[in-house]
Amino acid sequence: MKPAAFAYHRPRSLAEALDVLAELGADGKVLAGGQSLVPLMSMRLSSPAALVDVNHVPGLDTVEVDQDTVRVGALARHTRVEHDEAAYAAAPLLRQALQLVAHPTIRNRGTSVGSLVHADPASELPAVLCLLDGHVTLRTADGSRDVAAEHFFRGPMECDLRPGELAVSATFRRPAAGSRTAFVEVARRHGDYAICGVGAVVSPDGAARVALVGVGDGPALVRLTDAEDTGRTRSLVDAAIEPEADIHASADYRRHLAHVLVRRCLDEARAA
Amino acid sequence: MSDVLVEVSFSVNGAPYDLEVPARRLLSDVLRHDLLLTGTHVGCEHGVCGACTVLLDGAPVRACLIFAVSLDGSAITTTEGCRAPDGGMGPVQRAFHECHALQCGFCTPGFVTTVTDYLRHHPAPSREEAREAIAGNLCRCTGYQNIVAAVQRAAELVEGERP
């Protein structure tokens, strides 16, 4: 199928983009990489009245690393973030997760901020934003606000983005010195959406935080004060997830995977 | 809503184009229907099969997942642009021919563009690396063995062409 017709806007500056978005209100949808939006439109699952194409807005294609954070601009493609050495040194979890996002060909066009806003419950980056205490910066013509990861993801394909807002960047906090991280998942084929995926940050003192994807409405964050206590870990994970059955896997199988992958991810992080 | 035409300028295989197309027209359709470059094939049309893969400013992307109007100022290379300077088959195309890496050929254009880019960054891939390189492209005929062989053969041919 082909996408339905829409009004097209190609702003050449951030100010122009924000003005157009303000004017369009709920009718406006931002087009960045389009790797989730375009297929949804082709299948007529989404038919926005107007697209605001930000691909020609200068200044959004950035990866900035400072002492505490990695800040990724709205037009930074997954590939760019994945291969950024300074970002990798600051937060290896970013690359560890991005390598699991679809195939390189998709990552060449898709953006990391777009993936966060898309908020697919099986996608990796929302889990990374949660694990790295991140936030998304939302701009309007009138101002800007930062929304922390824990409040940003509202449900499947739903985030706290209001009409007229543009998600201009995502900021990931560098984990405490000495922390180790990993991201593992099981997918039917490499590059497919995960049936279940798990990311982890293990602190030097042995405490850990894990985030699970594909087993609930959004990333499920679990704090483990003592990651060695397997019985306790099991019950905390069980309480945090709500796996559902689909054509690919039963709810029971997803729950089984969640436990296996939490253990595998923690082992991998500790060995890192 | 009736379609409004939008101006967009980009190059394809080195030739500049100034076009007016509906905003909803996919790059894959612009290439095939407006520019009559039918080398790019459309399989699934939602980004899964890889048949429509083209190079955008040198990097492989799915032509079915991009609106052509987004590409103002870009340089696109299709499988037609992966030929040799003399107009004959380029090294990746020759390798696919030599190794019998195609049967029906529907998926081949996407493999040619993907492999052309891959070999620029990985001049001597192992069998395992070659397999990983083509993991985003589906072929329903060959079983992939000869395609993997062709990736490695193409690496040799590219190497042999280096001055």
# chains A, B, ... in the order shown; residues from 1 in each chain; ligands from 1
$ residues_around --residues "range 218-235 of chain A" --least-positions-apart "4" --cutoff "10 Å" --atoms "only C-alpha atoms" --output "ChimeraX atom specification"
/A:119-131,149-150,153-159,197-203,205-214,239-242,258-260,262-263,266
$ write_last_selection --atoms "N, CA and C atoms" --output "tab-separated table (two decimals), in the first residue's frame"
chain	number	residue	atom	x	y	z
A	119	ALA	N	8.49	4.99	20.99
A	119	ALA	CA	8.12	4.28	22.22
A	119	ALA	C	7.55	2.89	21.97
A	120	ASP	N	8.16	2.17	21.03
A	120	ASP	CA	7.74	0.79	20.84
A	120	ASP	C	8.15	-0.02	22.07
A	121	PRO	N	7.23	-0.79	22.65
A	121	PRO	CA	7.57	-1.51	23.89
A	121	PRO	C	8.67	-2.56	23.71
A	122	ALA	N	8.95	-2.94	22.47
A	122	ALA	CA	10.01	-3.93	22.25
A	122	ALA	C	11.33	-3.28	21.86
A	123	SER	N	11.38	-1.96	21.79
A	123	SER	CA	12.61	-1.32	21.31
A	123	SER	C	13.59	-1.10	22.45
A	124	GLU	N	14.86	-1.04	22.09
A	124	GLU	CA	15.95	-1.06	23.07
A	124	GLU	C	16.19	0.30	23.72
A	125	LEU	N	16.11	1.38	22.93
A	125	LEU	CA	16.57	2.67	23.45
A	125	LEU	C	15.77	3.20	24.65
A	126	PRO	N	14.46	3.00	24.72
A	126	PRO	CA	13.76	3.43	25.93
A	126	PRO	C	14.34	2.79	27.20
A	127	ALA	N	14.76	1.53	27.09
A	127	ALA	CA	15.37	0.87	28.24
A	127	ALA	C	16.70	1.53	28.60
A	128	VAL	N	17.45	1.92	27.57
A	128	VAL	CA	18.74	2.57	27.82
A	128	VAL	C	18.52	3.92	28.49
A	129	LEU	N	17.53	4.66	28.01
A	129	LEU	CA	17.26	5.98	28.61
A	129	LEU	C	16.90	5.83	30.09
A	130	CYS	N	16.11	4.79	30.41
A	130	CYS	CA	15.75	4.53	31.82
A	130	CYS	C	16.99	4.15	32.63
A	131	LEU	N	17.79	3.23	32.09
A	131	LEU	CA	18.95	2.73	32.85
A	131	LEU	C	19.99	3.83	33.08
A	149	ALA	N	13.10	9.97	31.90
A	149	ALA	CA	12.71	8.70	31.26
A	149	ALA	C	11.52	8.06	31.96
A	150	GLU	N	11.54	8.07	33.29
A	150	GLU	CA	10.47	7.36	34.02
A	150	GLU	C	9.09	7.96	33.78
A	153	PHE	N	7.75	7.64	29.05
A	153	PHE	CA	7.08	6.53	28.36
A	153	PHE	C	5.75	6.25	29.04
A	154	ARG	N	4.67	6.46	28.30
A	154	ARG	CA	3.33	6.40	28.87
A	154	ARG	C	2.63	5.07	28.61
A	155	GLY	N	3.09	4.35	27.61
A	155	GLY	CA	2.44	3.09	27.24
A	155	GLY	C	2.94	2.69	25.88
A	156	PRO	N	2.35	1.61	25.32
A	156	PRO	CA	2.83	1.15	24.01
A	156	PRO	C	2.65	2.25	22.96
A	157	MET	N	3.72	2.63	22.30
A	157	MET	CA	3.74	3.66	21.24
A	157	MET	C	3.22	5.00	21.74
A	158	GLU	N	3.38	5.25	23.03
A	158	GLU	CA	2.85	6.50	23.58
A	158	GLU	C	3.88	7.13	24.51
A	159	CYS	N	4.15	8.40	24.26
A	159	CYS	CA	5.08	9.10	25.14
A	159	CYS	C	4.52	10.47	25.46
A	197	GLY	N	14.12	-8.47	25.61
A	197	GLY	CA	15.47	-7.93	25.68
A	197	GLY	C	15.73	-7.39	27.08
A	198	VAL	N	17.00	-7.42	27.49
A	198	VAL	CA	17.35	-6.95	28.84
A	198	VAL	C	18.65	-6.15	28.79
A	199	GLY	N	18.62	-4.97	29.39
A	199	GLY	CA	19.83	-4.19	29.58
A	199	GLY	C	20.14	-4.12	31.06
A	200	ALA	N	21.42	-3.97	31.41
A	200	ALA	CA	21.77	-3.91	32.82
A	200	ALA	C	22.92	-2.95	33.06
A	201	VAL	N	22.86	-2.29	34.23
A	201	VAL	CA	23.98	-1.50	34.74
A	201	VAL	C	24.33	-2.07	36.11
A	202	VAL	N	25.55	-2.58	36.25
A	202	VAL	CA	25.99	-3.14	37.52
A	202	VAL	C	26.98	-2.18	38.16
A	203	SER	N	26.66	-1.70	39.35
A	203	SER	CA	27.52	-0.75	40.04
A	203	SER	C	28.72	-1.48	40.65
A	205	ASP	N	29.57	-1.64	43.62
A	205	ASP	CA	29.23	-2.31	44.88
A	205	ASP	C	28.38	-3.56	44.68
A	206	GLY	N	28.10	-3.93	43.41
A	206	GLY	CA	27.36	-5.17	43.16
A	206	GLY	C	25.88	-4.96	42.97
A	207	ALA	N	25.36	-3.79	43.36
A	207	ALA	CA	23.94	-3.50	43.10
A	207	ALA	C	23.76	-3.35	41.59
A	208	ALA	N	22.55	-3.64	41.14
A	208	ALA	CA	22.33	-3.60	39.69
A	208	ALA	C	20.95	-3.04	39.38
A	209	ARG	N	20.84	-2.50	38.19
A	209	ARG	CA	19.53	-2.13	37.68
A	209	ARG	C	19.39	-2.79	36.33
A	210	VAL	N	18.25	-3.42	36.11
A	210	VAL	CA	18.00	-4.03	34.81
A	210	VAL	C	16.72	-3.43	34.23
A	211	ALA	N	16.66	-3.36	32.92
A	211	ALA	CA	15.46	-2.90	32.24
A	211	ALA	C	15.10	-3.94	31.19
A	212	LEU	N	13.82	-4.33	31.18
A	212	LEU	CA	13.37	-5.37	30.25
A	212	LEU	C	12.46	-4.74	29.19
A	213	VAL	N	12.60	-5.21	27.96
A	213	VAL	CA	11.71	-4.75	26.88
A	213	VAL	C	11.03	-5.95	26.24
A	214	GLY	N	9.87	-5.68	25.65
A	214	GLY	CA	9.12	-6.73	24.97
A	214	GLY	C	8.24	-7.54	25.90
A	239	ALA	N	7.34	-9.39	39.19
A	239	ALA	CA	6.41	-8.33	39.58
A	239	ALA	C	6.45	-7.16	38.60
A	240	ALA	N	7.57	-7.02	37.88
A	240	ALA	CA	7.73	-5.83	37.03
A	240	ALA	C	7.20	-6.02	35.61
A	241	ILE	N	7.06	-7.27	35.19
A	241	ILE	CA	6.71	-7.50	33.78
A	241	ILE	C	5.27	-7.97	33.62
A	242	GLU	N	4.73	-7.69	32.44
A	242	GLU	CA	3.39	-8.15	32.08
A	242	GLU	C	3.42	-8.69	30.66
A	258	ALA	N	12.57	-13.72	30.03
A	258	ALA	CA	12.91	-12.59	30.90
A	258	ALA	C	13.88	-13.05	31.99
A	259	HIS	N	13.58	-14.16	32.62
A	259	HIS	CA	14.45	-14.64	33.71
A	259	HIS	C	15.81	-15.10	33.18
A	260	VAL	N	15.79	-15.83	32.07
A	260	VAL	CA	17.05	-16.31	31.50
A	260	VAL	C	17.93	-15.12	31.08
A	262	VAL	N	17.80	-11.94	32.09
A	262	VAL	CA	18.29	-11.13	33.22
A	262	VAL	C	19.58	-11.74	33.75
A	263	ARG	N	19.56	-13.06	33.93
A	263	ARG	CA	20.76	-13.72	34.45
A	263	ARG	C	21.92	-13.56	33.45
A	266	LEU	N	23.26	-9.95	33.39
A	266	LEU	CA	24.07	-9.62	34.57
A	266	LEU	C	25.43	-10.31	34.49
$ interface_residues --of "chain A" --to "chain B" --cutoff "10 Å" --atoms "only C-alpha atoms" --output "MDAnalysis selection string"
chainID A and resid 1:10 31:43 49 51 53:56 102:110 189:192
$ select_by_dssp --residues "range 22-132 of chain B" --states "strand (DSSP E)" --output "ChimeraX atom specification"
/B:22,53-56,59-62,75-77
$ residues_around --residues "range 166-172 of chain A" --least-positions-apart "2" --cutoff "7 Å" --atoms "only C-alpha atoms" --output "ChimeraX atom specification"
/A:60,69-74,113,129,132-140,164,174
$ residues_around --residues "Ala150 in chain B" --least-positions-apart "5" --cutoff "6 Å" --atoms "only C-alpha atoms" --output "MDAnalysis selection string"
chainID B and resid 95:96 99
$ atom_distance --atom1 "CA of Gly143 in chain B" --atom2 "CA of Gln103 in chain B"
10.3 Å
$ atom_distance --atom1 "CA of Val184 in chain A" --atom2 "CA of Ala269 in chain A"
9.9 Å
